[in-house]
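Participant: Got a file for you: work-v9.csv, CSV, C-alpha atoms.
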```
chain,number,residue,atom,x,y,z
A,1,MET,CA,0.8,-61.4,24.1
A,2,GLY,CA,3.1,-58.6,23.4
A,3,ALA,CA,2.2,-56.5,20.3
A,4,ALA,CA,-0.8,-58.8,19.7
A,5,TYR,CA,-2.7,-56.2,17.8
A,6,LEU,CA,-0.1,-54.9,15.4
A,7,PRO,CA,-1.3,-57.2,12.5
A,8,TYR,CA,-4.7,-55.4,12.8
A,9,ILE,CA,-2.9,-52.1,12.5
A,10,GLN,CA,-1.4,-53.3,9.2
A,11,PHE,CA,-4.8,-54.4,8.0
A,12,SER,CA,-6.3,-51.0,8.9
A,13,ILE,CA,-3.5,-49.2,7.0
A,14,PHE,CA,-4.1,-51.4,4.0
A,15,MET,CA,-7.8,-50.6,4.1
A,16,GLY,CA,-7.0,-46.9,4.4
A,17,ASN,CA,-4.8,-47.0,1.3
A,18,LEU,CA,-7.5,-49.0,-0.5
A,19,GLY,CA,-10.1,-46.5,0.5
A,20,PHE,CA,-8.1,-43.5,-0.7
A,21,PHE,CA,-7.3,-44.9,-4.2
A,22,SER,CA,-10.7,-46.5,-4.8
A,23,ASN,CA,-12.4,-43.2,-3.8
A,24,ALA,CA,-10.0,-41.3,-6.1
A,25,PHE,CA,-11.0,-43.6,-8.9
A,26,PHE,CA,-14.8,-43.9,-8.5
A,27,GLY,CA,-15.2,-40.4,-7.1
A,28,PHE,CA,-13.5,-38.9,-10.1
A,29,ILE,CA,-15.7,-40.9,-12.5
A,30,LEU,CA,-18.9,-39.8,-10.7
A,31,VAL,CA,-17.8,-36.1,-10.5
A,32,TYR,CA,-16.7,-36.1,-14.2
A,33,LEU,CA,-19.9,-37.6,-15.4
A,34,THR,CA,-22.0,-35.3,-13.2
A,35,LEU,CA,-20.3,-32.2,-14.4
A,36,PHE,CA,-19.9,-33.0,-18.1
A,37,TYR,CA,-22.3,-35.7,-19.2
A,38,ILE,CA,-25.4,-35.5,-17.0
A,39,LYS,CA,-28.5,-33.6,-18.3
A,40,ARG,CA,-29.9,-30.4,-16.9
A,41,GLN,CA,-32.7,-32.2,-15.1
A,42,PHE,CA,-30.4,-32.8,-12.1
A,43,GLY,CA,-30.5,-29.1,-11.5
A,44,SER,CA,-28.6,-27.7,-8.5
A,45,TYR,CA,-28.6,-31.3,-7.1
A,46,LYS,CA,-25.5,-32.0,-9.1
A,47,TYR,CA,-23.5,-29.6,-7.0
A,48,LEU,CA,-24.6,-31.4,-3.9
A,49,LEU,CA,-23.4,-34.7,-5.4
A,50,VAL,CA,-20.1,-33.2,-6.4
A,51,ASN,CA,-19.6,-31.5,-3.0
A,52,PHE,CA,-20.3,-34.8,-1.3
A,53,GLN,CA,-17.7,-36.6,-3.3
A,54,VAL,CA,-15.1,-33.9,-2.7
A,55,LEU,CA,-15.8,-34.1,1.0
A,56,GLY,CA,-15.5,-37.9,0.8
A,57,PHE,CA,-12.1,-37.6,-0.9
A,58,VAL,CA,-10.8,-35.2,1.8
A,59,PHE,CA,-12.1,-37.7,4.4
A,60,ALA,CA,-10.2,-40.6,2.7
A,61,SER,CA,-7.1,-38.4,2.3
A,62,PHE,CA,-6.9,-37.7,6.0
A,63,GLU,CA,-6.9,-41.4,6.7
A,64,PHE,CA,-4.3,-42.0,4.0
A,65,LEU,CA,-2.0,-39.3,5.5
A,66,PHE,CA,-2.5,-39.9,9.2
A,67,HIS,CA,-3.6,-43.5,9.7
A,68,THR,CA,-5.6,-43.3,12.9
A,69,PHE,CA,-6.9,-46.2,15.0
A,70,LEU,CA,-9.4,-47.1,17.7
A,71,HIS,CA,-8.9,-49.4,20.6
A,72,THR,CA,-11.4,-50.5,23.2
A,73,TYR,CA,-10.2,-51.3,26.7
A,74,ASN,CA,-12.4,-51.8,29.8
A,75,ALA,CA,-14.1,-48.4,30.5
A,76,SER,CA,-12.3,-46.6,27.6
A,77,LEU,CA,-12.2,-46.0,23.9
A,78,THR,CA,-8.8,-44.9,22.7
A,79,TYR,CA,-8.2,-43.0,19.5
A,80,PHE,CA,-4.5,-42.8,18.5
A,81,SER,CA,-1.9,-42.8,15.7
A,82,LEU,CA,1.5,-44.6,15.6
A,83,SER,CA,3.1,-42.0,13.3
A,84,ARG,CA,3.5,-38.2,13.0
A,85,PRO,CA,3.7,-37.4,9.3
A,86,LEU,CA,4.8,-34.0,8.0
A,87,GLY,CA,6.8,-33.5,11.3
A,88,PHE,CA,3.7,-32.7,13.3
A,89,SER,CA,3.9,-32.5,17.0
A,90,ASN,CA,1.6,-34.8,19.1
A,91,PHE,CA,-0.6,-31.8,19.9
A,92,THR,CA,-1.1,-30.9,16.2
A,93,MET,CA,-1.7,-34.6,15.3
A,94,GLU,CA,-4.4,-34.9,18.0
A,95,TRP,CA,-6.2,-31.9,16.5
A,96,MET,CA,-5.8,-33.4,13.0
A,97,MET,CA,-7.4,-36.6,14.3
A,98,GLY,CA,-10.2,-34.4,15.7
A,99,ILE,CA,-10.7,-32.8,12.3
A,100,TYR,CA,-10.8,-36.2,10.7
A,101,THR,CA,-13.8,-37.2,12.9
A,102,GLY,CA,-15.3,-33.8,12.1
A,103,LEU,CA,-15.2,-34.7,8.4
A,104,TYR,CA,-17.2,-37.8,9.3
A,105,SER,CA,-19.8,-35.6,10.9
A,106,ALA,CA,-19.8,-33.3,7.8
A,107,THR,CA,-20.6,-36.3,5.5
A,108,ILE,CA,-23.6,-37.2,7.6
A,109,CYS,CA,-24.7,-33.6,7.4
A,110,MET,CA,-24.4,-33.7,3.6
A,111,LEU,CA,-26.6,-36.8,3.5
A,112,ALA,CA,-29.2,-35.0,5.6
A,113,ILE,CA,-29.0,-32.0,3.2
A,114,GLN,CA,-29.5,-34.3,0.2
A,115,PHE,CA,-32.6,-35.8,1.8
A,116,MET,CA,-33.9,-32.3,2.4
A,117,TYR,CA,-33.3,-31.3,-1.2
A,118,ARG,CA,-35.1,-34.4,-2.5
A,119,TYR,CA,-38.0,-33.7,-0.1
A,120,TRP,CA,-38.4,-30.1,-1.3
A,121,ALA,CA,-38.0,-31.2,-5.0
A,122,ILE,CA,-41.2,-33.3,-4.5
A,123,PHE,CA,-43.3,-31.4,-2.0
A,124,ASP,CA,-42.1,-27.7,-2.0
A,125,THR,CA,-40.2,-26.9,-5.2
A,126,PRO,CA,-40.0,-23.1,-4.6
A,127,LYS,CA,-37.6,-23.8,-1.7
A,128,LEU,CA,-35.1,-25.3,-4.1
A,129,SER,CA,-34.1,-21.7,-4.8
A,130,TYR,CA,-32.1,-21.9,-1.5
A,131,PHE,CA,-29.7,-24.2,-3.3
A,132,GLN,CA,-28.9,-21.8,-6.1
A,133,GLY,CA,-26.4,-19.0,-6.3
A,134,TRP,CA,-25.1,-17.5,-3.0
A,135,TYR,CA,-27.8,-19.4,-1.1
A,136,TYR,CA,-25.8,-22.6,-1.6
A,137,PHE,CA,-23.2,-21.3,0.9
A,138,ILE,CA,-25.9,-21.7,3.6
A,139,TRP,CA,-25.5,-25.4,3.2
A,140,VAL,CA,-21.7,-25.2,3.1
A,141,GLY,CA,-21.9,-23.3,6.4
A,142,TYR,CA,-24.3,-25.9,7.8
A,143,TYR,CA,-22.1,-29.0,7.4
A,144,THR,CA,-19.0,-27.0,8.2
A,145,PHE,CA,-20.5,-25.7,11.5
A,146,PHE,CA,-21.4,-29.2,12.6
A,147,GLY,CA,-18.1,-30.7,11.4
A,148,VAL,CA,-16.1,-28.1,13.4
A,149,LEU,CA,-18.4,-28.7,16.4
A,150,TRP,CA,-17.7,-32.4,16.3
A,151,ALA,CA,-14.0,-31.9,15.8
A,152,PHE,CA,-14.0,-29.6,18.8
A,153,ALA,CA,-15.9,-32.2,20.9
A,154,VAL,CA,-13.3,-34.8,20.1
A,155,GLY,CA,-10.1,-32.7,20.2
A,156,HIS,CA,-11.0,-30.8,23.4
A,157,PHE,CA,-13.2,-33.1,25.6
A,158,PHE,CA,-11.2,-36.3,24.8
A,159,ALA,CA,-7.8,-34.8,25.3
A,160,MET,CA,-5.6,-37.1,27.3
A,161,ASP,CA,-4.8,-36.2,30.9
A,162,GLU,CA,-2.4,-37.8,33.5
A,163,PHE,CA,-5.1,-40.2,34.7
A,164,GLY,CA,-5.8,-41.3,31.2
A,165,ARG,CA,-2.1,-41.9,30.4
A,166,LYS,CA,-1.8,-44.1,33.6
A,167,TYR,CA,-5.0,-45.9,32.8
A,168,LEU,CA,-4.1,-46.8,29.2
A,169,GLY,CA,-0.3,-46.7,29.3
A,170,ASP,CA,0.3,-50.4,30.0
A,171,GLU,CA,-2.4,-51.5,27.6
A,172,ILE,CA,-0.9,-49.5,24.7
A,173,LEU,CA,2.6,-50.7,25.5
A,174,LEU,CA,1.5,-54.3,25.6
A,175,ARG,CA,-0.7,-54.3,22.5
A,176,TYR,CA,1.1,-51.9,20.2
A,177,GLU,CA,4.6,-51.6,21.7
A,178,ARG,CA,4.4,-47.8,22.0
A,179,ASN,CA,4.9,-45.5,25.0
A,180,ILE,CA,1.6,-43.6,25.3
A,181,SER,CA,3.5,-40.3,26.1
A,182,GLU,CA,5.3,-40.5,22.7
A,183,ILE,CA,2.3,-40.9,20.4
A,184,PRO,CA,-0.7,-38.7,19.6
A,185,VAL,CA,-3.7,-40.1,21.5
A,186,LEU,CA,-7.2,-39.1,22.5
A,187,GLY,CA,-9.4,-41.1,24.8
A,188,LEU,CA,-12.9,-41.4,26.1
A,189,ILE,CA,-12.7,-42.8,29.7
A,190,ALA,CA,-16.0,-43.2,31.4
A,191,TYR,CA,-15.0,-43.4,35.0
A,192,GLU,CA,-12.2,-42.2,37.3
A,193,GLY,CA,-12.5,-44.4,40.3
A,194,ASP,CA,-16.2,-44.4,41.3
A,195,ASN,CA,-16.8,-41.0,39.6
A,196,ILE,CA,-18.0,-40.3,36.1
A,197,ARG,CA,-15.6,-38.3,34.0
A,198,TRP,CA,-18.0,-35.5,33.1
A,199,ARG,CA,-15.6,-33.9,30.7
A,200,ASN,CA,-15.8,-36.9,28.5
A,201,VAL,CA,-19.6,-37.1,28.9
A,202,TYR,CA,-19.9,-33.5,27.6
A,203,GLY,CA,-18.0,-34.4,24.5
A,204,LEU,CA,-20.1,-37.5,23.9
A,205,SER,CA,-23.3,-35.6,24.5
A,206,LEU,CA,-22.3,-33.0,21.9
A,207,MET,CA,-21.6,-35.8,19.3
A,208,THR,CA,-24.9,-37.5,20.2
A,209,LEU,CA,-26.8,-34.2,19.7
A,210,ILE,CA,-25.2,-33.6,16.3
A,211,SER,CA,-26.0,-37.1,15.1
A,212,THR,CA,-29.6,-36.9,16.4
A,213,VAL,CA,-30.3,-33.7,14.5
A,214,GLN,CA,-29.0,-35.2,11.2
A,215,TYR,CA,-30.7,-38.5,11.6
A,216,SER,CA,-33.9,-36.8,12.5
A,217,ILE,CA,-33.9,-34.8,9.3
A,218,ILE,CA,-33.1,-38.0,7.3
A,219,VAL,CA,-35.8,-40.1,9.0
A,220,ILE,CA,-38.5,-37.3,8.7
A,221,CYS,CA,-37.8,-36.4,5.1
A,222,GLY,CA,-37.3,-40.1,4.2
A,223,HIS,CA,-40.7,-41.1,5.7
A,224,GLN,CA,-42.5,-38.2,4.1
A,225,MET,CA,-41.1,-39.1,0.7
A,226,TYR,CA,-41.9,-42.8,1.1
A,227,SER,CA,-45.5,-42.1,2.2
A,228,GLY,CA,-46.4,-39.3,-0.2
A,229,MET,CA,-44.0,-39.5,-3.2
A,230,VAL,CA,-46.3,-41.7,-5.4
A,231,THR,CA,-49.1,-39.1,-5.3
A,232,LYS,CA,-46.9,-36.1,-5.7
A,233,ILE,CA,-44.9,-37.3,-8.7
A,234,ALA,CA,-47.9,-38.8,-10.5
A,235,VAL,CA,-48.3,-35.5,-12.5
A,236,LEU,CA,-44.7,-35.5,-13.7
A,237,SER,CA,-43.3,-37.1,-16.8
A,238,ALA,CA,-42.3,-40.7,-16.8
A,239,GLN,CA,-38.6,-39.7,-17.0
A,240,HIS,CA,-38.8,-37.4,-14.0
A,241,ARG,CA,-40.8,-39.9,-12.0
A,242,ARG,CA,-38.1,-42.5,-12.6
A,243,LEU,CA,-35.4,-40.1,-11.7
A,244,HIS,CA,-37.1,-39.1,-8.4
A,245,ARG,CA,-37.5,-42.8,-7.5
A,246,GLN,CA,-33.9,-43.6,-8.4
A,247,PHE,CA,-32.5,-40.8,-6.3
A,248,PHE,CA,-34.7,-41.8,-3.3
A,249,ARG,CA,-33.5,-45.4,-3.6
A,250,ALA,CA,-29.9,-44.2,-3.8
A,251,LEU,CA,-30.3,-42.0,-0.7
A,252,VAL,CA,-31.9,-44.9,1.3
A,253,ILE,CA,-29.1,-47.2,0.4
A,254,GLN,CA,-26.5,-44.5,1.1
A,255,ILE,CA,-27.7,-44.0,4.6
A,256,SER,CA,-29.0,-47.5,5.6
A,257,ALA,CA,-26.1,-49.6,4.5
A,258,PRO,CA,-23.3,-47.7,6.4
A,259,THR,CA,-25.7,-47.1,9.3
A,260,ILE,CA,-26.2,-50.8,9.9
A,261,ILE,CA,-22.7,-51.9,9.0
A,262,LEU,CA,-20.5,-49.1,10.3
A,263,PHE,CA,-22.2,-46.3,12.2
A,264,CYS,CA,-24.2,-48.4,14.7
A,265,PRO,CA,-21.2,-50.6,15.7
A,266,VAL,CA,-19.1,-47.4,16.2
A,267,PHE,CA,-21.7,-45.8,18.4
A,268,PHE,CA,-21.9,-49.0,20.3
A,269,MET,CA,-18.1,-48.8,20.9
A,270,ILE,CA,-18.5,-45.1,22.0
A,271,TYR,CA,-21.0,-46.0,24.6
A,272,ALA,CA,-19.6,-49.4,25.6
A,273,PRO,CA,-17.0,-47.8,28.1
A,274,PHE,CA,-19.9,-46.9,30.4
A,275,ALA,CA,-20.7,-50.6,30.8
A,276,ASP,CA,-17.1,-50.9,32.2
A,277,LEU,CA,-16.7,-54.4,30.7
A,278,GLU,CA,-13.4,-56.2,31.2
A,279,MET,CA,-12.2,-56.4,27.6
A,280,SER,CA,-9.5,-55.5,25.1
A,281,PHE,CA,-10.4,-55.2,21.5
A,282,PRO,CA,-8.7,-53.7,18.4
A,283,SER,CA,-11.7,-51.5,17.3
A,284,CYS,CA,-9.7,-50.4,14.3
A,285,ILE,CA,-11.1,-53.5,12.6
A,286,ILE,CA,-14.5,-51.9,12.5
A,287,GLN,CA,-13.1,-48.4,12.0
A,288,SER,CA,-11.3,-49.5,8.8
A,289,GLY,CA,-14.7,-49.9,7.1
A,290,PHE,CA,-15.1,-46.1,7.1
A,291,THR,CA,-12.2,-45.6,4.8
A,292,VAL,CA,-13.9,-47.4,1.9
A,293,TYR,CA,-17.3,-45.8,2.5
A,294,PRO,CA,-16.7,-42.8,0.2
A,295,ALA,CA,-15.9,-45.1,-2.8
A,296,LEU,CA,-18.8,-47.3,-1.9
A,297,ASP,CA,-21.1,-44.2,-1.9
A,298,SER,CA,-20.0,-43.3,-5.5
A,299,VAL,CA,-20.7,-46.9,-6.7
A,300,ILE,CA,-24.2,-46.8,-5.0
A,301,MET,CA,-25.1,-43.5,-6.8
A,302,MET,CA,-23.9,-44.7,-10.2
A,303,SER,CA,-25.6,-48.0,-9.8
A,304,CYS,CA,-29.0,-46.7,-8.7
A,305,VAL,CA,-29.3,-43.7,-11.1
A,306,SER,CA,-29.6,-45.0,-14.7
A,307,GLU,CA,-28.6,-41.6,-16.1
A,308,TYR,CA,-25.0,-42.5,-15.0
A,309,GLY,CA,-25.0,-45.7,-16.9
A,310,ARG,CA,-26.0,-43.9,-20.1
A,311,ALA,CA,-23.5,-41.1,-19.4
A,312,LEU,CA,-20.7,-43.7,-18.9
A,313,LYS,CA,-21.6,-45.5,-22.2
A,314,LYS,CA,-21.6,-42.1,-24.0
A,315,LEU,CA,-18.1,-41.3,-22.5
A,316,ILE,CA,-16.7,-44.7,-23.6
A,317,VAL,CA,-18.2,-44.3,-27.1
A,318,ASN,CA,-16.8,-40.8,-27.4
A,319,THR,CA,-13.4,-41.9,-26.2
A,320,LYS,CA,-13.3,-44.8,-28.7
A,321,GLU,CA,-14.3,-42.4,-31.5
A,322,ARG,CA,-11.5,-40.0,-30.6
A,323,TYR,CA,-8.9,-42.7,-30.6
A,324,THR,CA,-10.3,-44.1,-33.9
A,325,VAL,CA,-10.1,-40.6,-35.5
A,326,LYS,CA,-6.6,-40.1,-34.1
A,327,ALA,CA,-5.4,-43.5,-35.4
A,328,THR,CA,-7.0,-42.9,-38.8
A,329,LYS,CA,-5.2,-39.5,-39.1
A,330,GLU,CA,-1.9,-41.0,-38.1
A,331,GLU,CA,-2.3,-43.8,-40.6
A,332,SER,CA,-3.2,-41.3,-43.3
A,333,ARG,CA,-0.1,-39.3,-42.5
A,334,GLU,CA,2.0,-42.4,-42.5
A,335,THR,CA,0.6,-43.5,-45.8
A,336,ALA,CA,1.2,-40.1,-47.4
A,337,HIS,CA,4.7,-40.0,-46.0
A,338,THR,CA,5.5,-43.4,-47.4
A,339,HIS,CA,4.0,-42.5,-50.8
A,340,GLY,CA,6.0,-39.3,-50.9
A,341,LYS,CA,9.2,-41.2,-50.3
A,342,ALA,CA,8.4,-43.7,-53.0
A,343,VAL,CA,7.8,-40.9,-55.6
A,344,THR,CA,11.0,-39.2,-54.6
A,345,THR,CA,12.9,-42.4,-55.1
A,346,LYS,CA,11.5,-42.9,-58.6
A,347,LEU,CA,12.5,-39.4,-59.6
```
Now, as a test, write the supplied structure out as structure tokens.
Facilitator:
Amino acid sequence: MGAAYLPYIQFSIFMGNLGFFSNAFFGFILVYLTLFYIKRQFGSYKYLLVNFQVLGFVFASFEFLFHTFLHTYNASLTYFSLSRPLGFSNFTMEWMMGIYTGLYSATICMLAIQFMYRYWAIFDTPKLSYFQGWYYFIWVGYYTFFGVLWAFAVGHFFAMDEFGRKYLGDEILLRYERNISEIPVLGLIAYEGDNIRWRNVYGLSLMTLISTVQYSIIVICGHQMYSGMVTKIAVLSAQHRRLHRQFFRALVIQISAPTIILFCPVFFMIYAPFADLEMSFPSCIIQSGFTVYPALDSVIMMSCVSEYGRALKKLIVNTKERYTVKATKEESRETAHTHGKAVTTKL
């Protein structure tokens, strides 16, 4: 049974690399089309889209650099890395791991902000002024604040102590062939003997509060848009009605797909230690799905909003035309050069 879970580590690393490169590819396409090919009717929303993609790329980059893993064992959930890139100490790496989870929180906050924007765009358009100019930094501060708070909750309240190292030491050595004192590791351990480890509960409560606030915004705005959007957008042009519906559909898919497939299982893993089940499970299998989410998000947006399809076709046509013009000019120069040599030879 020794090192039984190392193949899952390799799979997670592969998924992390795949997520990074796919996000760099699809994210770049979406950002480029948004900035240079999308019409003005997107308004300040285009900056939210770009900001979200940049945040997703940073999220994927952290996983690409640091390769972090989750492991469930009895009354615990362990968060660790088997490497220390850039010569970081264990302490520094543990805080890098905390920041990585904070970036996850920031992406959820960005989705909540997008729902709020779409809601105001339909029901209270004067408030869209809060997304323009210097006001935009309110939202940057919003997702940064909750991201830092989440990172602090993980890095501080889940820091490993002597009891945690004893509790998890043999398990980590058996499954991953590593001495727990030699690798960066954080852990949520529900109980210490018959007592609840309140330090871990405080961190978990903070994470739950942040998630509840964001999902409340998403659910409230989403429900209001679903129930009242048809009436409100009836007075708009057909093009704007279609765009509102497409953005709403994209947002619903953006939040529902990862919530069902990724976020719910992860929150189950976070709370599972309190059931104190006798189990050992490489939770990194589920965690690896997070690494491809930013790229998936880009694909969802470009698939749902028809404006991106038209922009992509325009980009392809323009690229072909540039290459055709360049090839024609080179052919003309080559012909002129050959003709000139022929005339010189005759003379």
Participant: Taking only C-alpha atoms into account, which of A:Gly309, A:Pro294, A:Gly133, A:Pro7 comes nearest Phe21 (chain A)?
Facilitator: A:Pro294
Participant: Nearest to Thr68 (chain A) among A:Leu33, A:Ile285, A:Ile218, A:Leu277, with distances taken over all atoms listed in the file: which residue is it?
Facilitator: A:Ile285
Participant: Counting all atoms listed in the file, which of A:Leu86, A:Leu111, A:Ala151, A:Ile260 gets nearest to Gly56 (chain A)?
Facilitator: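 Answer, going by the shortest atom-to-atom distance: A:Leu111.
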Participant: I'd like the interatomic distance between CA of Tyr271 (chain A) and CA of Gly187 (chain A), to a tenth of an Å.
Facilitator: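 Separation of CA of Tyr271 (chain A) and CA of Gly187 (chain A): 12.6 Å.
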Participant: With 12 Å as the cut-off and all atoms listed in the file counted, what is the closest atom pair between each nearby residue of region 29-72 of chain A and region 172-185 of chain A? Distances in Å to one decimal, ordered by chain and number, as a tab-separated table.
Facilitator:
```
residue	atom	partner	partner_atom	distance
A:Phe66	CA	A:Pro184	CA	10.6
A:His67	CA	A:Pro184	CA	11.4
A:Thr68	CA	A:Val185	CA	9.4
A:Phe69	CA	A:Val185	CA	9.5
A:Leu70	CA	A:Val185	CA	9.8
A:His71	CA	A:Ile172	CA	9.0
A:Thr72	CA	A:Ile172	CA	10.7
```
Participant: For each of A:Phe52, A:Phe25, A:Tyr73, A:Tyr45, take the minimum atom-to-atom distance to Ile270 (chain A), counting all atoms listed in the file, then give the residue where this is smallest.
Facilitator: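 Among the listed residues, the smallest separation from Ile270 (chain A) belongs to A:Tyr73.
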Participant: Report, in Å to a single decimal, how far apart CA of Tyr202 (chain A) and CA of Tyr143 (chain A) are.
Facilitator: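 So the two atoms, CA of Tyr143 (chain A) and CA of Tyr202 (chain A), lie 20.8 Å apart.
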Participant: Please tell me which residues are no farther than 8 Å from (-6.2, -40.1, 9.8) in the file, counting all atoms listed in the file, and write them as a JSON list (two decimals) with C-alpha atoms, in the coordinates of the input.
Facilitator:
```json
[["chain", "number", "residue", "atom", "x", "y", "z"],
["A", 61, "SER", "CA", -7.10, -38.40, 2.30],
["A", 62, "PHE", "CA", -6.90, -37.70, 6.00],
["A", 63, "GLU", "CA", -6.90, -41.40, 6.70],
["A", 64, "PHE", "CA", -4.30, -42.00, 4.00],
["A", 65, "LEU", "CA", -2.00, -39.30, 5.50],
["A", 66, "PHE", "CA", -2.50, -39.90, 9.20],
["A", 67, "HIS", "CA", -3.60, -43.50, 9.70],
["A", 68, "THR", "CA", -5.60, -43.30, 12.90],
["A", 81, "SER", "CA", -1.90, -42.80, 15.70],
["A", 96, "MET", "CA", -5.80, -33.40, 13.00],
["A", 97, "MET", "CA", -7.40, -36.60, 14.30],
["A", 100, "TYR", "CA", -10.80, -36.20, 10.70]]
```
Participant: Would you mind telling me which residue in A:Val148, A:Ala250, A:Val325, A:Val54 lies nearest to Met301 (chain A) when using only C-alpha atoms?
Facilitator: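 Checking each candidate against Met301 (chain A), we get A:Ala250 as the closest.
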Participant: Would you mind reading off the distance between CA of Glu307 (chain A) and CA of Gly19 (chain A), one decimal, in Å?
Facilitator: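 Atom-to-atom, CA of Glu307 (chain A) to CA of Gly19 (chain A), that is 25.3 Å.
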Participant: Name the closest residue to Val252 (chain A) among the candidates A:Met225, A:Ile122, A:Ala159, A:Ala190; distances are taken between atoms, counting only C-alpha atoms.
Facilitator: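 Closest residue, counting only C-alpha atoms: A:Met225.
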Participant: Wanna dump the region 101-166 of chain A-region 205-215 of chain A contacts at 7 Å for me, each residue with its shortest atom pair and the distance in Å to one decimal, counting all atoms listed in the file, ordered by chain and number, as CSV?
Facilitator:
```
residue,atom,partner,partner_atom,distance
A:Ile108,CA,A:Gln214,CA,6.8
A:Cys109,CA,A:Gln214,CA,6.0
A:Ala112,CA,A:Gln214,CA,5.6
A:Phe146,CA,A:Ile210,CA,6.9
A:Trp150,CA,A:Met207,CA,6.0
A:Ala153,CA,A:Leu206,CA,6.5
```
Participant: Contacts of Glu278 (chain A) at 10 Å or less, counting all atoms listed in the file, minus same-chain residues fewer than 4 places along, as a PDB file with C-alpha atoms, in the coordinates of the input?
Facilitator:
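As written to disk, around38.pdb reads:
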```pdb
ATOM      1  CA  TYR A  73     -10.200 -51.300  26.700  1.00  0.00           C
ATOM      2  CA  ASN A  74     -12.400 -51.800  29.800  1.00  0.00           C
ATOM      3  CA  ALA A  75     -14.100 -48.400  30.500  1.00  0.00           C
ATOM      4  CA  PRO A 273     -17.000 -47.800  28.100  1.00  0.00           C
TER       5      PRO A 273
END
```
Participant: Show me, as a list in words, the residues that have an atom within 9 Å of Met116 (chain A) when counting only C-alpha atoms, minus same-chain residues fewer than 3 positions from it.
Facilitator: Leu111, Ala112, Ile113, Tyr119, Trp120, Ala121, Ile217, Ile218, Cys221 and Gly222 of chain A
